[in-house]
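> Have a look at the structure that comes next, please.
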Amino acid sequence: MSIMEIIGGILIIIGSIFLFLGALGIYRMPDIYNRLQAGTKATTLGAMSLILGVGFLEPSWILKSLVLIIFIAFSNPISSHALARATYRRGHYPLILSDDKENMDAYQEVVPHEKEKEEKV
Amino acid sequence: MKKILVLLLLAVVGFYLAGTFFDIGFGNSHFVKNDAIKPVKDIYLQQTVQELKVSNAVTSIVVNFRGFDTLGEVTVLFLSVTALGSILYKKRHHVGERSVLFSASSIVTSGSKLLFPAIVLLGAYVFIHGHLSPGGGFQGGVIIATGFLLMLLAYENYSVSHNGLSIVESLAGITFVGVGLLGFMNGGTFLQNFLPTGELNNLFSGGIIPIIYIAVGFKVAAELTGVIYTVLNEKGEQNG
């Protein structure tokens with residue numbers, strides 16, 4: 001067992017753990033924004049680490065795996081950003097348990113909530 | 001009365017279907033109980049590797065052994081795109097009046113600028129390597145069309161030239177039929193292979209398969225981009 005195989009195996013195990021935690025977060029978190037951040041961050045790191053591990057195991061694939069990692073690093077956060085923004089615009093607001101609701105939701109200043117929009121009109 | 005008829009029909013169909021399945025037996029691949037006759041599966045697999053030198057058996061069947069069928073599929077796609085275009089035709093030229101409620105954020109617009117070439121490159125890779133790896137013309141064309149979908153969603157005023165799309169589509173279709181007709185000139189049949197097959201697992205191998213799949217890729221990409229553009233430019237009811 002060469003050192004490259006050991007590094008690759010460790011990276012694949014780290015990636016699998018992060019992917020599992022991401023799946024658990026999507027199941028466990030209370031509202032869509034928490035689920036998105038659990039899903040996005042964990043699966044981005046998990047998939048990147050897993051692909052890099054495969055690149056270490058098969059050294060001839062390392063260039064392809066680096067290109068894939070760059071692609072994931074761009075596409076995954078952008079898509080989840082677009083999802084979260086569209087959700088907010090459609091009127092699903094974050095679940096806030098604290099009493100200080102106005103200061104917790106800072107995005108409200110940029111995009112007012114639907115009810116306030118109607119009041120202004 | 002109607003329900004009884006339906007039940008009767010289902011029972012008859014089910015009886016013969018079940019009989020067929022029992023005839024084949026679990027795990028057997030062919031009807032013939034005599035082992036001396038070679039099933040069609042083995043012939044396809046043998047010819048794919050030995051004569052055509054193609055490692056993807058699905059591609060060799062779809063493009064070479066049943067190429068005429070693929071031409072029919074491409075025609076079906078073309079007809080459905082034409083029908084959709086003719087239904088939505090009158091609302092086509094309202095640029096900027098998409099059925100989109102608000103414009104995309106700057107993260108999405110700048111990100112899609114970065115991702116668009118990568119998506120097109122991936123699509124081209126998939127249909128150029130159709131005879132070596134999973135994928136092919138249809139899949140690669142759909143990937144390229146998703147790249148155009150991303151650009152159309154990100155930029156409100158991004159427009160695709162309809163004339164350019166139809167030129168690409170027609171050229172690809174002509175290439176497909178032309179390659180098929182060239183099979184006649186070498187004394188064969190329609191879509192018969194006339195190019196040297198090269199070596200197994202080489203990019204330049206497989207005879208006419210890469211040429212046809214590149215043509216199919218361009219054709220599918222142009223058609224689906226046209227569909228997306230037409231549907232997005234239809235004025236939505238929520239805009240009034």
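Lettering and numbering for the structure tokens are positional, with chains as A, B, ... in the shown order, residues counted from 1 in each chain, and ligands counted from 1 in the shown order.
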Pull out every residue of chain B that has at least one atom within 8 Å of chain A, counting only C-alpha atoms, and report them as number ranges by chain.
B: 104-105, 107-108, 111, 115, 118
> Produce a file of the selected residues containing C-alpha atoms, as a compact mmCIF listing (two decimals), in the first residue's frame.

```
# COMPACT_ATOMS: atom_id res chain seq x y z
CA ALA B 104 -31.20 37.32 -11.19
CA SER B 105 -28.66 38.59 -8.68
CA ILE B 107 -23.74 36.41 -8.11
CA VAL B 108 -25.79 34.34 -10.52
CA GLY B 111 -21.22 32.92 -12.02
CA LEU B 115 -19.91 28.28 -15.93
CA ALA B 118 -17.49 24.81 -18.93
```
> Considering only C-alpha atoms, return as a list of chain:residue names whatever protein or nucleic-acid residues lie within 10 Å of segment 3-14 of chain A, sequence-local ones (same chain, fewer than 2 positions apart) excluded.
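Once the adjacent positions are removed, what remains is A:Met1, A:Ser16, A:Ile17, A:Phe18, A:Leu19, A:Phe20, A:Leu45, A:Gly46, A:Ala47, A:Met48, A:Ser49, A:Leu50, A:Ile51, A:Leu52, A:Gly53, A:Val54, A:Gly55, A:Phe56, A:Leu57, A:Glu58, A:Pro59.
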> What are the DSSP helix (DSSP H, G or I) residues of segment 26-114 of chain A, as an NGL selection string?
:A and (26-28 or 32-57 or 59-89 or 101-104 or 106-109 or 114)
> What lies within 7 Å of segment 130-132 of chain B using only C-alpha atoms, ignoring chain neighbours under 5 positions off, as a list in words?
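After dropping sequence-adjacent residues, the list is Val54, Ser55, Asn56, Thr59, Gly137, Asn201, Ile209, Pro210 and Tyr213 of chain B.
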> What does the structure give for the distance between atom CA of Leu84 of chain B and atom CA of Thr225 of chain B, in Å to one decimal?
12.5 Å
> Would you list the contacts of His92 of chain A as an MDAnalysis selection string, taking every protein, DNA or RNA residue within 9 Å and counting only C-alpha atoms, but skipping same-chain residues closer than 4 positions in sequence?
chainID A and resid 32 87:88
> Okay, now the selection with all heavy atoms, as a CSV table (one decimal), in the first residue's frame?

```
chain,number,residue,atom,x,y,z
A,32,ILE,N,-36.1,25.9,5.5
A,32,ILE,CA,-35.4,25.7,4.2
A,32,ILE,C,-34.0,26.3,4.2
A,32,ILE,O,-33.1,25.8,3.6
A,32,ILE,CB,-36.2,26.2,3.1
A,32,ILE,CG1,-35.5,26.0,1.7
A,32,ILE,CG2,-36.5,27.7,3.2
A,32,ILE,CD1,-36.4,26.1,0.5
A,87,THR,N,-36.6,31.5,-2.9
A,87,THR,CA,-37.5,31.2,-1.8
A,87,THR,C,-37.9,32.4,-1.0
A,87,THR,O,-39.1,32.6,-0.7
A,87,THR,CB,-36.8,30.2,-0.9
A,87,THR,OG1,-36.1,29.2,-1.6
A,87,THR,CG2,-37.8,29.5,0.0
A,88,TYR,N,-36.9,33.3,-0.7
A,88,TYR,CA,-37.3,34.5,0.0
A,88,TYR,C,-38.2,35.4,-0.8
A,88,TYR,O,-39.2,35.9,-0.2
A,88,TYR,CB,-36.0,35.3,0.3
A,88,TYR,CG,-36.1,36.2,1.4
A,88,TYR,CD1,-35.8,35.9,2.7
A,88,TYR,CD2,-36.6,37.5,1.2
A,88,TYR,CE1,-36.0,36.8,3.8
A,88,TYR,CE2,-36.7,38.4,2.2
A,88,TYR,CZ,-36.4,38.0,3.5
A,88,TYR,OH,-36.6,38.9,4.5
```
> Which one is closest to Thr175 of chain B: B:Val216, B:Val81, B:Ile61, B:Leu88? Count only C-alpha atoms.
B:Val216
> Which residue, A:Leu63, A:Thr44, A:Gly25, A:Leu68, has the smallest gap to Ile119 of chain B when you use only C-alpha atoms?
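When distances to Ile119 of chain B are compared using only C-alpha atoms, the smallest one comes from A:Leu68.
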> Write out as a list in words each polymer residue whose atoms come within 8 Å of Thr40 of chain A, counting only C-alpha atoms; drop sequence neighbours fewer than 5 positions from it.
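Counting only C-alpha atoms, the residues come to Gly22, Asn76, Pro77 and Ser80 of chain A.
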